[in-house]
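In what follows, a structure is listed as structure tokens, so that the remarks can point back to it.
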Amino acid sequence: MSTLTQTTSATGDTGAAPGRPAYRVTGRRVLASEWAKLWSLRSTWITLGLGLLFLVVFGVIAAYRYQSMIGSPRMDRDFARSTALSLSLFGANFAQLALGVLGVLVTAGEYSTGMIRSTMAAVPRRLPVLWSKAAVYGLVALVVGTAGAFVAFLVGGRIVSDTSAALTLGHAGVIRGLFGAGLYLGLVGVIGTALGALLRSVAGGISVLVAVFMLVPGLASLLPGSWQDDITPYLPSSAGQAMYALTHDATTLSPGAGLLVFLGWTALVLAGAAYRLRRGDV
């Protein structure tokens, strides 16, 4: 037995607990893991491409339509007051769906395939997974949204350069509006990620996302006028649009207030997702 003891000591086996992982779970490694998982999916490339396409193409179409209808009695009064910025960002409503849906897939997709069990086994504390998914995809959506906004403005602004809607990057509020649109789309991606973790269902997450950003604003228009003025500006979609709008009136929030309200909605959904992730079984 003494020989066995000496051999064990020579090999450096100090009696460490069996099954203990030979690696450390760090924030950087969790981020790297989520980054690799995001780009390994074909749906990531397709959906990001669609979001970028929607943002640019619909903005260019809106600019062409405005340019072709100048002087026409059929032009709507509100449409006639459009600017190169608002025309270029016309596709933001469509891009938000693509980027939000991909955010849902980033988290809910792992629950549908069962991969979430492997993820949580590798990161037992759980919450770093949620923060990493939201941070990685939010940053990607921010970059795609900002790039798309600038491309749409540069192309659309050239189309309406000889009209009353003409603006350049040097005009007050334009740069802020373009970055605001990118930030808005990035936060929509974070909300989609949180909804996927909260509901753990791709269909459920997408349904709630569409309802919040597309259906609820329409239903709010059915409310009495006094209620609309008090409620509508604080809806996620209205607060987000205030972040990149060039002008504001008494019925809309300022860019700063819109950002704070939208950050509040984002934090609320993330908090719900974190609570369920900590309390529920995967």
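Residues in the structure tokens are named by chain (A, B, ... in the order shown) and by number from 1 within that chain; ligands are numbered from 1 in the order shown.
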
At a cut-off of 6 Å, using only C-alpha atoms, what residues contact range 161-178 of chain A? Leave out same-chain residues fewer than 5 positions from it and give the result as a PyMOL selection string.
chain A and resi 83-84+149+244+246

Could you go through range 68-263 of chain A and tell me which residues DSSP, when run on the backbone, assigns to alpha helix (DSSP H), listing them as a PyMOL selection string?
chain A and resi 68+77-80+84-88+92-113+115-122+127-159+174-199+202-210+216-220+225-231+236-244+255-263

Given only C-alpha atoms as the counted atoms, nearest of A:Gly272, A:Gly109, A:Gly49, A:Gly71 to Ala194 in chain A:
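Using only C-alpha atoms, Ala194 in chain A sits closest to A:Gly272.
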
Using only C-alpha atoms, can you tell me which of A:Leu85, A:Leu127, A:Ala36, A:Val188 comes closest to Gly100 in chain A?
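Checking each of A:Leu85, A:Leu127, A:Ala36, A:Val188 against Gly100 in chain A, counting only C-alpha atoms, the winner is A:Val188.
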
Please list as a PyMOL selection string every residue within 9 Å of range 137-146 of chain A, counting only C-alpha atoms and excluding residues in the same chain fewer than 2 positions away.
chain A and resi 34-35+38+48-49+51-52+55+92+95-96+99-100+102-103+106+132-135+148-151+178-191+193

Exercise: Ser112 in chain A partners within 10 Å, only C-alpha atoms, chain neighbours under 4 positions left out, as an mmCIF file with all heavy atoms, in the first residue's frame:
data_model
loop_
_atom_site.group_PDB
_atom_site.id
_atom_site.type_symbol
_atom_site.label_atom_id
_atom_site.label_comp_id
_atom_site.auth_asym_id
_atom_site.auth_seq_id
_atom_site.Cartn_x
_atom_site.Cartn_y
_atom_site.Cartn_z
ATOM 1 N N LEU A 105 -35.373 33.612 -31.839
ATOM 2 C CA LEU A 105 -34.762 32.341 -32.234
ATOM 3 C C LEU A 105 -33.462 32.074 -31.480
ATOM 4 O O LEU A 105 -33.118 30.915 -31.218
ATOM 5 C CB LEU A 105 -34.503 32.331 -33.741
ATOM 6 C CG LEU A 105 -35.739 32.295 -34.648
ATOM 7 C CD1 LEU A 105 -35.322 32.459 -36.103
ATOM 8 C CD2 LEU A 105 -36.488 30.992 -34.464
ATOM 9 N N THR A 107 -32.699 32.513 -28.423
ATOM 10 C CA THR A 107 -32.907 31.867 -27.126
ATOM 11 C C THR A 107 -33.939 30.748 -27.203
ATOM 12 O O THR A 107 -33.669 29.623 -26.772
ATOM 13 C CB THR A 107 -33.355 32.900 -26.083
ATOM 14 O OG1 THR A 107 -34.399 33.718 -26.641
ATOM 15 C CG2 THR A 107 -32.215 33.791 -25.666
ATOM 16 N N ALA A 108 -35.115 31.021 -27.742
ATOM 17 C CA ALA A 108 -36.166 29.996 -27.775
ATOM 18 C C ALA A 108 -35.771 28.819 -28.651
ATOM 19 O O ALA A 108 -36.219 27.691 -28.418
ATOM 20 C CB ALA A 108 -37.474 30.610 -28.274
ATOM 21 N N ILE A 116 -30.464 23.770 -24.855
ATOM 22 C CA ILE A 116 -30.351 24.611 -23.673
ATOM 23 C C ILE A 116 -29.826 23.822 -22.477
ATOM 24 O O ILE A 116 -29.148 24.368 -21.596
ATOM 25 C CB ILE A 116 -31.727 25.255 -23.343
ATOM 26 C CG1 ILE A 116 -31.584 26.337 -22.283
ATOM 27 C CG2 ILE A 116 -32.738 24.188 -22.920
ATOM 28 C CD1 ILE A 116 -30.791 27.531 -22.727
ATOM 29 N N ARG A 200 -39.927 30.729 -23.856
ATOM 30 C CA ARG A 200 -39.330 29.435 -24.220
ATOM 31 C C ARG A 200 -40.065 28.773 -25.378
ATOM 32 O O ARG A 200 -40.125 27.550 -25.475
ATOM 33 C CB ARG A 200 -39.306 28.502 -23.003
ATOM 34 C CG ARG A 200 -38.533 29.073 -21.837
ATOM 35 C CD ARG A 200 -38.427 28.121 -20.689
ATOM 36 N NE ARG A 200 -37.624 28.700 -19.605
ATOM 37 C CZ ARG A 200 -37.307 28.060 -18.488
ATOM 38 N NH1 ARG A 200 -37.719 26.816 -18.312
ATOM 39 N NH2 ARG A 200 -36.573 28.659 -17.577
ATOM 40 N N SER A 201 -40.628 29.568 -26.226
ATOM 41 C CA SER A 201 -41.366 29.077 -27.392
ATOM 42 C C SER A 201 -41.128 30.028 -28.552
ATOM 43 O O SER A 201 -41.331 31.244 -28.408
ATOM 44 C CB SER A 201 -42.859 28.989 -27.073
ATOM 45 O OG SER A 201 -43.623 28.813 -28.254
ATOM 46 N N VAL A 202 -40.705 29.481 -29.687
ATOM 47 C CA VAL A 202 -40.466 30.325 -30.859
ATOM 48 C C VAL A 202 -41.768 30.971 -31.314
ATOM 49 O O VAL A 202 -41.832 32.184 -31.543
ATOM 50 C CB VAL A 202 -39.840 29.493 -31.995
ATOM 51 C CG1 VAL A 202 -39.740 30.333 -33.264
ATOM 52 C CG2 VAL A 202 -38.459 28.985 -31.592
#

Separation of CA of Ile61 in chain A from CA of Pro255 in chain A in Å:
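Distance between the two atoms: 25.9 Å.
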
Residue with smallest distance to Leu260 in chain A - pool A:Leu215, A:Tyr234, A:Leu198, A:Ala274, counting only C-alpha atoms:
A:Tyr234

If I take CA of Val208 in chain A and CA of Trp265 in chain A, how far is one from the other in Å, to one decimal?
13.7 Å

Using only C-alpha atoms, the residue out of A:Arg24, A:Gly196, A:Ala239, A:Gly157 with shortest distance to Phe262 in chain A is A:Ala239

Find the spatial neighbours of Thr119 in chain A, counting only C-alpha atoms, within a cut-off of 10 Å - ignore same-chain residues fewer than 3 positions away - and output them as a list in words.
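Answer for this query is Val30, Ser33, Glu34, Glu110, Gly114, Met115, Ile116, Ala122, Val123, Pro124, Arg126 and Val129 of chain A.
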
In Å, rounded to a single decimal, give me how far CA of Val101 in chain A is from CA of Ala203 in chain A.
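Straight-line distance from CA of Ala203 in chain A to CA of Val101 in chain A works out to 9.7 Å.
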